[in-house]
$ cat coords27.cif   # mmCIF, N, CA and C atoms
data_entry
#
loop_
_atom_site.label_atom_id
_atom_site.label_comp_id
_atom_site.auth_asym_id
_atom_site.auth_seq_id
_atom_site.Cartn_x
_atom_site.Cartn_y
_atom_site.Cartn_z
N MET T 1 117.84 65.74 85.90
CA MET T 1 119.26 65.83 85.65
C MET T 1 119.93 64.62 86.30
N ASN T 2 120.64 63.88 85.52
CA ASN T 2 121.28 62.65 86.00
C ASN T 2 120.31 61.77 86.76
N GLY T 3 119.07 61.69 86.28
CA GLY T 3 118.06 60.83 86.89
C GLY T 3 117.28 61.46 88.02
N ALA T 4 117.64 62.68 88.44
CA ALA T 4 116.92 63.36 89.53
C ALA T 4 115.92 64.35 88.94
N GLU T 5 114.67 64.24 89.38
CA GLU T 5 113.64 65.16 88.90
C GLU T 5 113.93 66.57 89.39
N GLN T 6 113.79 67.53 88.52
CA GLN T 6 114.06 68.93 88.85
C GLN T 6 112.76 69.71 89.03
N THR T 7 112.78 70.69 89.91
CA THR T 7 111.64 71.58 90.06
C THR T 7 111.59 72.51 88.85
N PRO T 8 110.44 72.64 88.21
CA PRO T 8 110.37 73.53 87.04
C PRO T 8 110.70 74.98 87.43
N MET T 9 111.29 75.70 86.50
CA MET T 9 111.62 77.10 86.73
C MET T 9 110.32 77.90 86.79
N ALA T 10 110.18 78.72 87.82
CA ALA T 10 108.98 79.55 87.98
C ALA T 10 109.18 80.88 87.26
N GLY T 11 108.08 81.52 86.91
CA GLY T 11 108.16 82.86 86.35
C GLY T 11 107.68 82.94 84.91
N VAL T 12 107.82 84.12 84.36
CA VAL T 12 107.38 84.43 83.00
C VAL T 12 108.61 84.75 82.16
N SER T 13 108.69 84.15 81.00
CA SER T 13 109.83 84.40 80.11
C SER T 13 109.88 85.87 79.70
N MET T 14 111.09 86.39 79.60
CA MET T 14 111.29 87.77 79.15
C MET T 14 111.74 87.82 77.69
N ASP T 15 111.74 86.69 77.00
CA ASP T 15 112.22 86.64 75.62
C ASP T 15 111.56 87.69 74.73
N TYR T 16 110.26 87.88 74.90
CA TYR T 16 109.54 88.83 74.05
C TYR T 16 110.13 90.24 74.14
N SER T 17 110.70 90.61 75.29
CA SER T 17 111.21 91.97 75.48
C SER T 17 112.53 92.21 74.75
N PHE T 18 113.26 91.16 74.43
CA PHE T 18 114.53 91.33 73.72
C PHE T 18 114.30 91.74 72.27
N ALA T 19 113.26 91.21 71.67
CA ALA T 19 112.96 91.54 70.28
C ALA T 19 112.14 92.81 70.15
N ASP T 20 111.43 93.20 71.22
CA ASP T 20 110.54 94.36 71.16
C ASP T 20 110.55 95.06 72.51
N ALA T 21 111.58 95.89 72.75
CA ALA T 21 111.76 96.53 74.06
C ALA T 21 110.53 97.30 74.55
N PRO T 22 109.80 98.02 73.71
CA PRO T 22 108.65 98.75 74.23
C PRO T 22 107.37 97.90 74.38
N ALA T 23 107.48 96.59 74.14
CA ALA T 23 106.30 95.73 74.25
C ALA T 23 105.74 95.79 75.67
N PRO T 24 104.42 95.74 75.81
CA PRO T 24 103.83 95.73 77.15
C PRO T 24 104.27 94.48 77.91
N GLY T 25 104.41 94.61 79.21
CA GLY T 25 104.83 93.49 80.05
C GLY T 25 103.79 92.38 80.07
N THR T 26 104.26 91.16 80.31
CA THR T 26 103.35 90.01 80.38
C THR T 26 103.22 89.49 81.81
N ARG T 27 103.91 90.09 82.74
CA ARG T 27 103.83 89.67 84.14
C ARG T 27 102.59 90.28 84.76
N HIS T 28 101.80 89.46 85.41
CA HIS T 28 100.61 89.95 86.11
C HIS T 28 100.71 89.74 87.61
N THR T 29 101.40 88.69 88.02
CA THR T 29 101.53 88.37 89.43
C THR T 29 102.94 87.90 89.72
N GLN T 30 103.53 88.41 90.81
CA GLN T 30 104.86 87.96 91.21
C GLN T 30 104.96 88.06 92.71
N TYR T 31 105.36 86.96 93.37
CA TYR T 31 105.55 86.98 94.81
C TYR T 31 107.02 87.19 95.13
N PHE T 32 107.29 87.60 96.37
CA PHE T 32 108.65 87.79 96.86
C PHE T 32 108.67 87.34 98.31
N GLU T 33 109.72 86.64 98.71
CA GLU T 33 109.91 86.27 100.11
C GLU T 33 111.38 86.03 100.34
N THR T 34 111.91 86.64 101.38
CA THR T 34 113.27 86.35 101.83
C THR T 34 113.40 86.78 103.28
N GLY T 35 113.89 85.89 104.11
CA GLY T 35 114.11 86.20 105.53
C GLY T 35 112.86 86.64 106.26
N GLY T 36 111.71 86.21 105.79
CA GLY T 36 110.45 86.59 106.42
C GLY T 36 109.80 87.82 105.82
N HIS T 37 110.54 88.60 105.04
CA HIS T 37 109.95 89.73 104.32
C HIS T 37 109.13 89.15 103.17
N ARG T 38 107.92 89.68 102.97
CA ARG T 38 107.04 89.13 101.94
C ARG T 38 106.41 90.26 101.14
N ALA T 39 106.16 89.98 99.88
CA ALA T 39 105.45 90.95 99.04
C ALA T 39 104.82 90.22 97.87
N LEU T 40 103.83 90.89 97.30
CA LEU T 40 103.17 90.37 96.11
C LEU T 40 102.84 91.54 95.20
N TYR T 41 103.24 91.41 93.93
CA TYR T 41 102.82 92.35 92.90
C TYR T 41 101.68 91.69 92.14
N HIS T 42 100.61 92.44 91.88
CA HIS T 42 99.53 91.92 91.04
C HIS T 42 98.84 93.08 90.33
N ASP T 43 98.99 93.10 89.01
CA ASP T 43 98.30 94.06 88.15
C ASP T 43 98.35 95.50 88.67
N GLY T 44 99.57 95.96 88.96
CA GLY T 44 99.76 97.36 89.34
C GLY T 44 99.70 97.64 90.82
N TRP T 45 99.43 96.63 91.64
CA TRP T 45 99.34 96.81 93.09
C TRP T 45 100.43 95.99 93.77
N VAL T 46 100.91 96.48 94.91
CA VAL T 46 101.88 95.75 95.73
C VAL T 46 101.38 95.70 97.16
N ALA T 47 101.36 94.49 97.71
CA ALA T 47 101.13 94.28 99.14
C ALA T 47 102.45 93.79 99.70
N ALA T 48 102.90 94.38 100.81
CA ALA T 48 104.21 94.02 101.35
C ALA T 48 104.18 93.99 102.87
N SER T 49 104.96 93.08 103.42
CA SER T 49 105.12 92.98 104.86
C SER T 49 106.61 92.90 105.17
N PHE T 50 107.14 93.97 105.77
CA PHE T 50 108.55 94.00 106.14
C PHE T 50 108.67 93.35 107.51
N HIS T 51 109.66 92.49 107.66
CA HIS T 51 109.73 91.61 108.82
C HIS T 51 111.01 91.85 109.60
N GLY T 52 110.94 92.72 110.58
CA GLY T 52 112.09 92.94 111.44
C GLY T 52 113.20 93.73 110.78
N ALA T 53 114.15 94.10 111.57
CA ALA T 53 115.29 94.87 111.08
C ALA T 53 116.31 93.94 110.43
N PRO T 54 116.83 94.31 109.27
CA PRO T 54 117.76 93.42 108.56
C PRO T 54 119.07 93.17 109.30
N TRP T 55 119.43 94.03 110.24
CA TRP T 55 120.69 93.86 110.96
C TRP T 55 120.54 92.97 112.20
N VAL T 56 119.31 92.60 112.56
CA VAL T 56 119.10 91.66 113.66
C VAL T 56 119.11 90.26 113.06
N LEU T 57 120.22 89.55 113.28
CA LEU T 57 120.45 88.30 112.57
C LEU T 57 120.12 87.05 113.37
N THR T 58 119.72 87.19 114.62
CA THR T 58 119.43 86.00 115.41
C THR T 58 118.04 86.09 116.01
N GLY T 59 117.48 84.94 116.35
CA GLY T 59 116.15 84.89 116.94
C GLY T 59 115.06 85.01 115.90
N SER T 60 113.83 84.91 116.39
CA SER T 60 112.67 85.02 115.52
C SER T 60 111.64 85.91 116.19
N VAL T 61 111.01 86.78 115.43
CA VAL T 61 109.93 87.61 115.99
C VAL T 61 108.57 87.02 115.66
N GLY T 62 108.55 85.90 114.94
CA GLY T 62 107.28 85.26 114.59
C GLY T 62 106.55 86.03 113.51
N PHE T 63 105.39 85.51 113.12
CA PHE T 63 104.65 86.10 112.01
C PHE T 63 103.23 86.50 112.39
N ASP T 64 102.86 86.30 113.66
CA ASP T 64 101.48 86.59 114.08
C ASP T 64 101.13 88.07 114.02
N ASP T 65 102.10 88.94 114.25
CA ASP T 65 101.82 90.39 114.29
C ASP T 65 102.32 91.12 113.05
N SER T 66 102.42 90.42 111.94
CA SER T 66 102.91 91.04 110.70
C SER T 66 102.00 92.18 110.26
N VAL T 67 102.60 93.28 109.91
CA VAL T 67 101.86 94.43 109.38
C VAL T 67 102.08 94.44 107.87
N TRP T 68 100.97 94.54 107.12
CA TRP T 68 101.04 94.59 105.67
C TRP T 68 100.74 96.00 105.18
N GLU T 69 101.43 96.40 104.13
CA GLU T 69 101.21 97.70 103.48
C GLU T 69 100.67 97.45 102.08
N LEU T 70 100.02 98.46 101.52
CA LEU T 70 99.41 98.34 100.20
C LEU T 70 99.73 99.58 99.37
N TYR T 71 100.17 99.34 98.13
CA TYR T 71 100.53 100.45 97.24
C TYR T 71 99.97 100.22 95.84
N ASN T 72 99.50 101.29 95.23
CA ASN T 72 99.12 101.28 93.82
C ASN T 72 100.30 101.86 93.07
N ILE T 73 101.15 101.01 92.51
CA ILE T 73 102.38 101.52 91.90
C ILE T 73 102.16 102.13 90.52
N GLU T 74 100.96 101.98 89.97
CA GLU T 74 100.65 102.68 88.72
C GLU T 74 100.53 104.19 89.00
N GLU T 75 100.10 104.55 90.20
CA GLU T 75 99.93 105.96 90.59
C GLU T 75 101.01 106.43 91.57
N ASP T 76 101.67 105.51 92.24
CA ASP T 76 102.64 105.84 93.30
C ASP T 76 103.81 104.86 93.21
N PHE T 77 104.63 105.02 92.16
CA PHE T 77 105.71 104.08 91.89
C PHE T 77 106.71 104.00 93.04
N SER T 78 106.91 105.10 93.77
CA SER T 78 107.90 105.13 94.86
C SER T 78 107.38 104.51 96.14
N GLN T 79 106.13 104.06 96.14
CA GLN T 79 105.50 103.45 97.30
C GLN T 79 105.60 104.37 98.53
N ALA T 80 105.20 105.62 98.33
CA ALA T 80 105.24 106.61 99.40
C ALA T 80 103.93 106.68 100.18
N HIS T 81 102.83 106.19 99.61
CA HIS T 81 101.51 106.34 100.25
C HIS T 81 100.87 104.97 100.47
N ASP T 82 100.94 104.50 101.71
CA ASP T 82 100.37 103.21 102.10
C ASP T 82 98.85 103.33 102.10
N LEU T 83 98.19 102.50 101.30
CA LEU T 83 96.73 102.54 101.15
C LEU T 83 96.01 101.42 101.92
N ALA T 84 96.73 100.70 102.79
CA ALA T 84 96.15 99.55 103.49
C ALA T 84 94.93 99.93 104.32
N ALA T 85 94.99 101.02 105.05
CA ALA T 85 93.86 101.43 105.90
C ALA T 85 92.67 101.88 105.07
N GLU T 86 92.95 102.48 103.90
CA GLU T 86 91.88 102.98 103.04
C GLU T 86 91.24 101.88 102.18
N ASN T 87 91.96 100.80 101.96
CA ASN T 87 91.47 99.77 101.06
C ASN T 87 91.74 98.36 101.61
N PRO T 88 91.14 98.03 102.76
CA PRO T 88 91.42 96.73 103.38
C PRO T 88 90.96 95.54 102.53
N GLU T 89 89.92 95.73 101.71
CA GLU T 89 89.46 94.63 100.87
C GLU T 89 90.51 94.25 99.83
N LYS T 90 91.11 95.26 99.21
CA LYS T 90 92.16 95.01 98.22
C LYS T 90 93.36 94.34 98.88
N LEU T 91 93.73 94.81 100.07
CA LEU T 91 94.85 94.21 100.79
C LEU T 91 94.56 92.75 101.10
N ALA T 92 93.37 92.45 101.58
CA ALA T 92 93.00 91.06 101.91
C ALA T 92 93.07 90.18 100.66
N LYS T 93 92.64 90.70 99.53
CA LYS T 93 92.68 89.94 98.27
C LYS T 93 94.13 89.62 97.90
N LEU T 94 95.02 90.60 98.03
CA LEU T 94 96.42 90.39 97.67
C LEU T 94 97.12 89.47 98.67
N GLN T 95 96.76 89.56 99.95
CA GLN T 95 97.32 88.65 100.95
C GLN T 95 96.91 87.20 100.63
N ALA T 96 95.67 87.01 100.25
CA ALA T 96 95.19 85.67 99.88
C ALA T 96 95.92 85.17 98.63
N LEU T 97 96.18 86.07 97.69
CA LEU T 97 96.91 85.70 96.48
C LEU T 97 98.36 85.36 96.81
N PHE T 98 98.97 86.11 97.74
CA PHE T 98 100.33 85.76 98.19
C PHE T 98 100.32 84.34 98.75
N ASP T 99 99.35 84.04 99.60
CA ASP T 99 99.25 82.72 100.21
C ASP T 99 99.12 81.64 99.14
N GLU T 100 98.31 81.89 98.14
CA GLU T 100 98.13 80.94 97.04
C GLU T 100 99.45 80.70 96.29
N GLU T 101 100.14 81.78 95.97
CA GLU T 101 101.43 81.67 95.27
C GLU T 101 102.47 80.99 96.15
N ALA T 102 102.48 81.33 97.44
CA ALA T 102 103.45 80.73 98.37
C ALA T 102 103.25 79.23 98.47
N ARG T 103 102.01 78.79 98.50
CA ARG T 103 101.73 77.35 98.54
C ARG T 103 102.13 76.68 97.22
N LYS T 104 101.84 77.35 96.12
CA LYS T 104 102.14 76.78 94.80
C LYS T 104 103.65 76.59 94.61
N PHE T 105 104.46 77.53 95.13
CA PHE T 105 105.90 77.51 94.90
C PHE T 105 106.71 77.10 96.13
N ASP T 106 106.06 76.42 97.09
CA ASP T 106 106.74 75.85 98.26
C ASP T 106 107.52 76.88 99.08
N VAL T 107 106.92 78.02 99.32
CA VAL T 107 107.54 79.05 100.15
C VAL T 107 107.39 78.70 101.63
N TYR T 108 106.31 78.04 101.98
CA TYR T 108 106.06 77.70 103.39
C TYR T 108 106.83 76.46 103.80
N PRO T 109 107.24 76.35 105.05
CA PRO T 109 107.01 77.30 106.14
C PRO T 109 107.98 78.47 106.06
N LEU T 110 107.50 79.64 106.45
CA LEU T 110 108.37 80.82 106.49
C LEU T 110 109.43 80.63 107.56
N ASN T 111 110.62 81.15 107.33
CA ASN T 111 111.71 81.02 108.28
C ASN T 111 112.46 82.35 108.34
N ASP T 112 112.48 82.98 109.50
CA ASP T 112 113.19 84.24 109.65
C ASP T 112 114.44 84.07 110.51
N ARG T 113 114.95 82.85 110.64
CA ARG T 113 116.08 82.58 111.52
C ARG T 113 117.36 82.27 110.74
N LEU T 114 117.57 82.92 109.62
CA LEU T 114 118.74 82.65 108.80
C LEU T 114 120.04 82.84 109.58
N GLY T 115 120.16 83.96 110.28
CA GLY T 115 121.38 84.22 111.04
C GLY T 115 121.61 83.18 112.10
N SER T 116 120.58 82.79 112.82
CA SER T 116 120.71 81.77 113.85
C SER T 116 121.15 80.45 113.24
N THR T 117 120.60 80.13 112.08
CA THR T 117 120.96 78.89 111.40
C THR T 117 122.42 78.90 111.00
N LEU T 118 122.89 80.03 110.50
CA LEU T 118 124.28 80.12 110.04
C LEU T 118 125.28 80.14 111.19
N LEU T 119 124.84 80.56 112.38
CA LEU T 119 125.76 80.72 113.50
C LEU T 119 125.80 79.52 114.45
N THR T 120 125.12 78.44 114.11
CA THR T 120 125.10 77.28 115.01
C THR T 120 126.37 76.45 114.86
N ASP T 121 126.64 75.62 115.85
CA ASP T 121 127.81 74.73 115.83
C ASP T 121 127.75 73.77 114.68
N SER T 122 126.55 73.36 114.28
CA SER T 122 126.44 72.38 113.20
C SER T 122 127.00 72.93 111.90
N SER T 123 126.91 74.26 111.71
CA SER T 123 127.45 74.82 110.48
C SER T 123 128.97 74.70 110.47
N GLU T 124 129.61 74.80 111.65
CA GLU T 124 131.06 74.62 111.71
C GLU T 124 131.42 73.18 111.39
N GLU T 125 130.64 72.22 111.91
CA GLU T 125 130.91 70.82 111.64
C GLU T 125 130.75 70.53 110.15
N ASP T 126 129.68 71.09 109.54
CA ASP T 126 129.44 70.84 108.13
C ASP T 126 130.54 71.40 107.25
N SER T 127 131.16 72.51 107.68
CA SER T 127 132.16 73.15 106.85
C SER T 127 133.54 72.56 107.07
N GLY T 128 133.66 71.66 108.05
CA GLY T 128 134.98 71.06 108.32
C GLY T 128 135.78 71.86 109.31
N CYS T 129 135.21 72.98 109.86
CA CYS T 129 135.92 73.78 110.85
C CYS T 129 135.77 73.14 112.23
N SER T 130 136.73 73.35 113.10
CA SER T 130 136.60 72.86 114.48
C SER T 130 137.13 73.86 115.47
#
$ encode --input "coords27.cif" --output "structure tokens"
Amino acid sequence: MNGAEQTPMAGVSMDYSFADAPAPGTRHTQYFETGGHRALYHDGWVAASFHGAPWVLTGSVGFDDSVWELYNIEEDFSQAHDLAAENPEKLAKLQALFDEEARKFDVYPLNDRLGSTLLTDSSEEDSGCS
């Protein structure tokens, strides 16, 4: 755009669903990350790691002690039964796939300090406030 190279849009087109609403989905893998919370959907399974309380807006708890959960959403759509302890191999596979997707789409480095970033003096300078 105006001579600047753009990052290609990630994801799978949903065009097919507009013409044929009951058509089977074409998405097989989808990652999610925001504020350090991470998840990956892959072929009916979800691996997720919730990262701290959403109302704690400053500081960082780091990522070394992240706990991951595992759900088969084909059988448990509400994600009520965490299967991580029962199926550690599946969880490890999905964690590796999250890492692959995160590297492919420039998710790293993870940053859970959004509130701290927004509350610094530099943000006031950038906004013209004094």
$ atom_distance --input "coords27.cif" --atom1 "atom N of Thr26 of chain T" --atom2 "atom C of Lys90 of chain T"
21.8 Å
$ residues_near_point --input "coords27.cif" --point "(99.9, 80.9, 92.3)" --cutoff "12 Å" --atoms "only C-alpha atoms" --output "ChimeraX atom specification"
/T:10-11,28-31,40-42,94-107
$ resolve_selection --input "coords27.cif" --expression "the PyMOL selection byres ((chain T and resi 74) around 8)" --output "list in words"
Asp43, Gly44, Trp45, Val46, Tyr71, Asn72, Ile73, Glu75, Asp76, Phe77 and Ser78 of chain T
$ write_last_selection --input "coords27.cif" --atoms "N, CA and C atoms" --output "PDB file, in the coordinates of the input"
ATOM      1  N   ASP T  43      98.990  93.100  89.010  1.00  0.00           N
ATOM      2  CA  ASP T  43      98.300  94.060  88.150  1.00  0.00           C
ATOM      3  C   ASP T  43      98.350  95.500  88.670  1.00  0.00           C
ATOM      4  N   GLY T  44      99.570  95.960  88.960  1.00  0.00           N
ATOM      5  CA  GLY T  44      99.760  97.360  89.340  1.00  0.00           C
ATOM      6  C   GLY T  44      99.700  97.640  90.820  1.00  0.00           C
ATOM      7  N   TRP T  45      99.430  96.630  91.640  1.00  0.00           N
ATOM      8  CA  TRP T  45      99.340  96.810  93.090  1.00  0.00           C
ATOM      9  C   TRP T  45     100.430  95.990  93.770  1.00  0.00           C
ATOM     10  N   VAL T  46     100.910  96.480  94.910  1.00  0.00           N
ATOM     11  CA  VAL T  46     101.880  95.750  95.730  1.00  0.00           C
ATOM     12  C   VAL T  46     101.380  95.700  97.160  1.00  0.00           C
ATOM     13  N   TYR T  71     100.170  99.340  98.130  1.00  0.00           N
ATOM     14  CA  TYR T  71     100.530 100.450  97.240  1.00  0.00           C
ATOM     15  C   TYR T  71      99.970 100.220  95.840  1.00  0.00           C
ATOM     16  N   ASN T  72      99.500 101.290  95.230  1.00  0.00           N
ATOM     17  CA  ASN T  72      99.120 101.280  93.820  1.00  0.00           C
ATOM     18  C   ASN T  72     100.300 101.860  93.070  1.00  0.00           C
ATOM     19  N   ILE T  73     101.150 101.010  92.510  1.00  0.00           N
ATOM     20  CA  ILE T  73     102.380 101.520  91.900  1.00  0.00           C
ATOM     21  C   ILE T  73     102.160 102.130  90.520  1.00  0.00           C
ATOM     22  N   GLU T  75     100.100 104.550  90.200  1.00  0.00           N
ATOM     23  CA  GLU T  75      99.930 105.960  90.590  1.00  0.00           C
ATOM     24  C   GLU T  75     101.010 106.430  91.570  1.00  0.00           C
ATOM     25  N   ASP T  76     101.670 105.510  92.240  1.00  0.00           N
ATOM     26  CA  ASP T  76     102.640 105.840  93.300  1.00  0.00           C
ATOM     27  C   ASP T  76     103.810 104.860  93.210  1.00  0.00           C
ATOM     28  N   PHE T  77     104.630 105.020  92.160  1.00  0.00           N
ATOM     29  CA  PHE T  77     105.710 104.080  91.890  1.00  0.00           C
ATOM     30  C   PHE T  77     106.710 104.000  93.040  1.00  0.00           C
ATOM     31  N   SER T  78     106.910 105.100  93.770  1.00  0.00           N
ATOM     32  CA  SER T  78     107.900 105.130  94.860  1.00  0.00           C
ATOM     33  C   SER T  78     107.380 104.510  96.140  1.00  0.00           C
TER      34      SER T  78
END
$ atom_distance --input "coords27.cif" --atom1 "atom C of Glu5 of chain T" --atom2 "atom C of Gly35 of chain T"
26.2 Å
$ atom_distance --input "coords27.cif" --atom1 "atom CA of Lys93 of chain T" --atom2 "atom C of Ala47 of chain T"
10.6 Å
$ resolve_selection --input "coords27.cif" --expression "the PyMOL selection byres ((chain T and resi 111) around 5)" --output "mmCIF file with N, CA and C atoms, in the frame of the given file"
data_model
loop_
_atom_site.group_PDB
_atom_site.id
_atom_site.type_symbol
_atom_site.label_atom_id
_atom_site.label_comp_id
_atom_site.auth_asym_id
_atom_site.auth_seq_id
_atom_site.Cartn_x
_atom_site.Cartn_y
_atom_site.Cartn_z
ATOM 1 N N GLY T 35 113.890 85.890 104.110
ATOM 2 C CA GLY T 35 114.110 86.200 105.530
ATOM 3 C C GLY T 35 112.860 86.640 106.260
ATOM 4 N N GLY T 36 111.710 86.210 105.790
ATOM 5 C CA GLY T 36 110.450 86.590 106.420
ATOM 6 C C GLY T 36 109.800 87.820 105.820
ATOM 7 N N PRO T 109 107.240 76.350 105.050
ATOM 8 C CA PRO T 109 107.010 77.300 106.140
ATOM 9 C C PRO T 109 107.980 78.470 106.060
ATOM 10 N N LEU T 110 107.500 79.640 106.450
ATOM 11 C CA LEU T 110 108.370 80.820 106.490
ATOM 12 C C LEU T 110 109.430 80.630 107.560
ATOM 13 N N ASP T 112 112.480 82.980 109.500
ATOM 14 C CA ASP T 112 113.190 84.240 109.650
ATOM 15 C C ASP T 112 114.440 84.070 110.510
ATOM 16 N N ARG T 113 114.950 82.850 110.640
ATOM 17 C CA ARG T 113 116.080 82.580 111.520
ATOM 18 C C ARG T 113 117.360 82.270 110.740
#
